[in-house]
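Asks: Let me give you the structure first, and then I'll get to my questions.
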Amino acid sequence: MELTRKQRQLMDCVRRLMAETGVFPTLRELADCMGIRSVSTVHAHIRNLQEKGVALMPVEDVLKATVSAITIPLFGWVVAGVPSDVCEFQENIEVPAALVPNPARTYALRITGDSMIEEHICEGDIVIVEKRDTARDGDIVIALVNGSETTVKRFQKEGDLAVLIPANRSMAAIRVPLESVEIQGVVIGVVRKY
């Protein structure tokens with residue numbers, strides 16, 4: 001497809017202005033960027049581009065067209081604090097597909113407590129979890145402690161101990177024998193609603 005110099009200039013202005021502001025520019029902003037006086041000339045260039053199959057649209061419309069969602073199970077609440085029983089229920093939630101590399105092994109839990117606030121995991125957030133039974137040092141995990149209490153913490157192995165580290169300076173790490181901790185999954189994302 002052959003574009004005129006002015007059409008290429010218009011597309012460059014759209015890209016640059018959207019990068020600066022995050023919103024689709026007005027016709028006046030495009031005219032100023034192109035160094036022309038008439039907004040009707042800009043409108044004509046846009047119409048000509050559309051006739052050539054090049055659609056310039058607001059970023060919101062582009063995102064609506066390209067962001068896909070996937071449904072995963074929301075299994076309940078997990079404590080970001082002192083380990084306790086998981087409050088179980090099951091419903092489904094939609095999350096951006098980009099957060100879920102392996103849908104068959106992914107679930108969600110809602111956070112209660114504030115032990116992970118310095119990792120920006122806060123009360124009411126939903127963590128996206130990939131089901132795994134092992135973790136690497138530094139992973140944020142869902143851990144079952146002593147067969148009955150579940151928590152979300154950063155995992156660290158120290159010899160024959162599992163150290164579950166909060167992201168809250170006012171809380172102490174939990175140190176227990178490795179055999180007392182069962183990794184139930186690794187946190188791969190966080191969803192927050194305001």
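In the structure tokens, chains take letters A, B, ... by order of appearance, with residues numbered from 1 within each chain and ligands from 1 in the order shown.
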Which residues, written as a list in words, have at least one atom at most 9 Å from stretch 97-108 of chain A, with only C-alpha atoms counted and residues fewer than 2 positions away on the same chain left out?

Replies: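 These residues fall inside the cut-off: Val67, Ser68, Ala69, Ile70, Thr71, Ile72, Pro73, Leu74, Phe75, Gly76, Asn92, Ile93, Glu94, Val95, Arg110, Ile126, Val127, Ile128, Val129, Glu130, Lys131, Arg132, Gly185, Ile188, Gly189 and Val190 of chain A.
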
Asks: Give me the residues near A:Val14 as a list in words, where near means some atom within 8 Å (using only C-alpha atoms) and where sequence neighbours in that chain fewer than 2 positions away do not count.

Replies: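 That gives Leu10, Met11, Asp12, Arg16, Leu17, Met18, Phe24, Pro25 and Leu30 of chain A.
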
Asks: Those selected residues, please, written with N, CA and C atoms and delivered as a PDB file, in the first residue's frame.

Replies:
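After the write, selection33.pdb holds the following:
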ATOM      1  N   LEU A  10       1.215  12.132   9.076  1.00  0.00           N
ATOM      2  CA  LEU A  10       0.067  12.055   9.969  1.00  0.00           C
ATOM      3  C   LEU A  10       0.185  10.846  10.898  1.00  0.00           C
ATOM      4  N   MET A  11       0.532   9.705  10.343  1.00  0.00           N
ATOM      5  CA  MET A  11       0.676   8.499  11.168  1.00  0.00           C
ATOM      6  C   MET A  11       1.791   8.669  12.204  1.00  0.00           C
ATOM      7  N   ASP A  12       2.890   9.300  11.807  1.00  0.00           N
ATOM      8  CA  ASP A  12       3.978   9.566  12.754  1.00  0.00           C
ATOM      9  C   ASP A  12       3.506  10.483  13.878  1.00  0.00           C
ATOM     10  N   ARG A  16       3.439   9.590  17.864  1.00  0.00           N
ATOM     11  CA  ARG A  16       4.213  10.411  18.800  1.00  0.00           C
ATOM     12  C   ARG A  16       3.310  11.037  19.864  1.00  0.00           C
ATOM     13  N   LEU A  17       2.182  11.616  19.436  1.00  0.00           N
ATOM     14  CA  LEU A  17       1.284  12.268  20.391  1.00  0.00           C
ATOM     15  C   LEU A  17       0.638  11.267  21.345  1.00  0.00           C
ATOM     16  N   MET A  18       0.302  10.078  20.839  1.00  0.00           N
ATOM     17  CA  MET A  18      -0.268   9.057  21.717  1.00  0.00           C
ATOM     18  C   MET A  18       0.771   8.561  22.720  1.00  0.00           C
ATOM     19  N   PHE A  24      -5.752   9.423  22.099  1.00  0.00           N
ATOM     20  CA  PHE A  24      -5.748   9.774  20.688  1.00  0.00           C
ATOM     21  C   PHE A  24      -5.797  11.299  20.555  1.00  0.00           C
ATOM     22  N   PRO A  25      -4.929  11.885  19.716  1.00  0.00           N
ATOM     23  CA  PRO A  25      -4.882  13.345  19.599  1.00  0.00           C
ATOM     24  C   PRO A  25      -6.114  13.923  18.911  1.00  0.00           C
ATOM     25  N   LEU A  30      -3.220  17.333  15.799  1.00  0.00           N
ATOM     26  CA  LEU A  30      -2.598  16.731  14.611  1.00  0.00           C
ATOM     27  C   LEU A  30      -2.211  17.795  13.596  1.00  0.00           C
TER      28      LEU A  30
END

Asks: Write out as a short mmCIF file (atom, residue, chain, number, x, y, z; two decimals) with N, CA and C atoms, in the first residue's frame which residues come within 9 Å of A:Val42 when counting only C-alpha atoms, dropping same-chain ones fewer than 6 positions away.

Replies:
data_model
loop_
_atom_site.label_atom_id
_atom_site.label_comp_id
_atom_site.auth_asym_id
_atom_site.auth_seq_id
_atom_site.Cartn_x
_atom_site.Cartn_y
_atom_site.Cartn_z
N LEU A 10 1.21 12.13 9.08
CA LEU A 10 0.07 12.06 9.97
C LEU A 10 0.18 10.85 10.90
N LEU A 27 -7.98 16.67 16.29
CA LEU A 27 -7.63 17.13 14.94
C LEU A 27 -6.74 18.37 15.02
N ARG A 28 -7.00 19.28 15.96
CA ARG A 28 -6.18 20.48 16.12
C ARG A 28 -4.75 20.10 16.48
N LEU A 30 -3.22 17.33 15.80
CA LEU A 30 -2.60 16.73 14.61
C LEU A 30 -2.21 17.79 13.60
N ALA A 31 -3.08 18.77 13.41
CA ALA A 31 -2.77 19.85 12.46
C ALA A 31 -1.53 20.61 12.93
N MET A 34 1.56 18.57 12.32
CA MET A 34 1.91 18.49 10.89
C MET A 34 2.31 19.85 10.31
N ILE A 36 0.19 22.38 9.68
CA ILE A 36 -0.84 22.90 8.76
C ILE A 36 -1.92 23.60 9.58
#

Asks: What separation in Å, quoted to one decimal, exists between atom CA of A:Gly147 and atom CA of A:Ser170?

Replies: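 Atom CA of A:Gly147 sits 26.0 Å away from atom CA of A:Ser170.
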
Asks: So which bits of stretch 75-175 of chain A end up helix (DSSP H, G or I) when you DSSP the backbone, as a VMD selection string?

Replies: chain A and resid 97 to 99 103 to 105 117 to 119

Asks: Taking the chain letters and numbering used in this document, name the residues of stretch 93-126 of chain A that DSSP puts in strand (DSSP E or B), as a PyMOL selection string.

Replies: chain A and resi 93-96+106-112+126

Asks: How many Å separate atom CA of A:Ile111 from atom CA of A:Glu158?

Replies: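 Distance between the two atoms: 26.5 Å.
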
Asks: In Å, how far is it from atom CA of A:Ser148 to atom CA of A:Ile117?

Replies: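 Rounded to one decimal, the two atoms are 23.9 Å apart.
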
Asks: From the list A:Leu178, A:Val145, A:Cys33, A:Ala80, which residue is nearest A:Pro166 when using only C-alpha atoms?

Replies: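 Between A:Leu178, A:Val145, A:Cys33, A:Ala80, the residue approaching A:Pro166 most closely is A:Ala80.
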
Asks: For A:Ala135, work out the shell of residues within 9 Å, counting only C-alpha atoms and skipping chain neighbours fewer than 2 positions away, then give it as a PDB file with N, CA and C atoms, in the first residue's frame.

Replies:
ATOM      1  N   ARG A 132       1.730 -25.417  41.440  1.00  0.00           N
ATOM      2  CA  ARG A 132       3.029 -26.097  41.434  1.00  0.00           C
ATOM      3  C   ARG A 132       3.260 -26.670  42.816  1.00  0.00           C
ATOM      4  N   ASP A 133       4.071 -27.710  42.887  1.00  0.00           N
ATOM      5  CA  ASP A 133       4.404 -28.263  44.202  1.00  0.00           C
ATOM      6  C   ASP A 133       5.847 -27.981  44.599  1.00  0.00           C
ATOM      7  N   ASP A 137      13.888 -20.283  45.315  1.00  0.00           N
ATOM      8  CA  ASP A 137      14.133 -19.218  46.280  1.00  0.00           C
ATOM      9  C   ASP A 137      13.690 -17.885  45.680  1.00  0.00           C
ATOM     10  N   GLY A 138      12.913 -17.131  46.443  1.00  0.00           N
ATOM     11  CA  GLY A 138      12.458 -15.819  46.000  1.00  0.00           C
ATOM     12  C   GLY A 138      11.050 -15.811  45.421  1.00  0.00           C
ATOM     13  N   ASP A 139      10.498 -16.989  45.072  1.00  0.00           N
ATOM     14  CA  ASP A 139       9.125 -17.037  44.551  1.00  0.00           C
ATOM     15  C   ASP A 139       8.136 -16.634  45.644  1.00  0.00           C
ATOM     16  N   ILE A 140       7.058 -15.964  45.245  1.00  0.00           N
ATOM     17  CA  ILE A 140       5.938 -15.721  46.155  1.00  0.00           C
ATOM     18  C   ILE A 140       5.015 -16.918  46.004  1.00  0.00           C
ATOM     19  N   VAL A 141       4.760 -17.595  47.120  1.00  0.00           N
ATOM     20  CA  VAL A 141       4.062 -18.878  47.063  1.00  0.00           C
ATOM     21  C   VAL A 141       2.792 -18.882  47.898  1.00  0.00           C
ATOM     22  N   PHE A 155       9.161 -17.389  49.410  1.00  0.00           N
ATOM     23  CA  PHE A 155       9.781 -18.637  49.832  1.00  0.00           C
ATOM     24  C   PHE A 155      11.297 -18.541  49.769  1.00  0.00           C
ATOM     25  N   GLN A 156      11.945 -19.091  50.804  1.00  0.00           N
ATOM     26  CA  GLN A 156      13.406 -19.173  50.830  1.00  0.00           C
ATOM     27  C   GLN A 156      13.764 -20.484  51.525  1.00  0.00           C
ATOM     28  N   ILE A 183       4.112 -26.640  49.111  1.00  0.00           N
ATOM     29  CA  ILE A 183       3.877 -25.565  48.142  1.00  0.00           C
ATOM     30  C   ILE A 183       2.653 -25.943  47.321  1.00  0.00           C
ATOM     31  N   GLY A 185       1.277 -23.505  45.098  1.00  0.00           N
ATOM     32  CA  GLY A 185       1.328 -22.737  43.865  1.00  0.00           C
ATOM     33  C   GLY A 185       2.234 -21.541  44.005  1.00  0.00           C
ATOM     34  N   VAL A 186       2.543 -20.943  42.862  1.00  0.00           N
ATOM     35  CA  VAL A 186       3.393 -19.754  42.810  1.00  0.00           C
ATOM     36  C   VAL A 186       2.572 -18.606  42.238  1.00  0.00           C
TER      37      VAL A 186
END

Asks: Using only C-alpha atoms, find the one residue out of A:Ile142, A:Ala172, A:Ala167, A:Val181 that sits nearest to A:Ile121.

Replies: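 The answer is A:Ala167, which sits nearest to A:Ile121.
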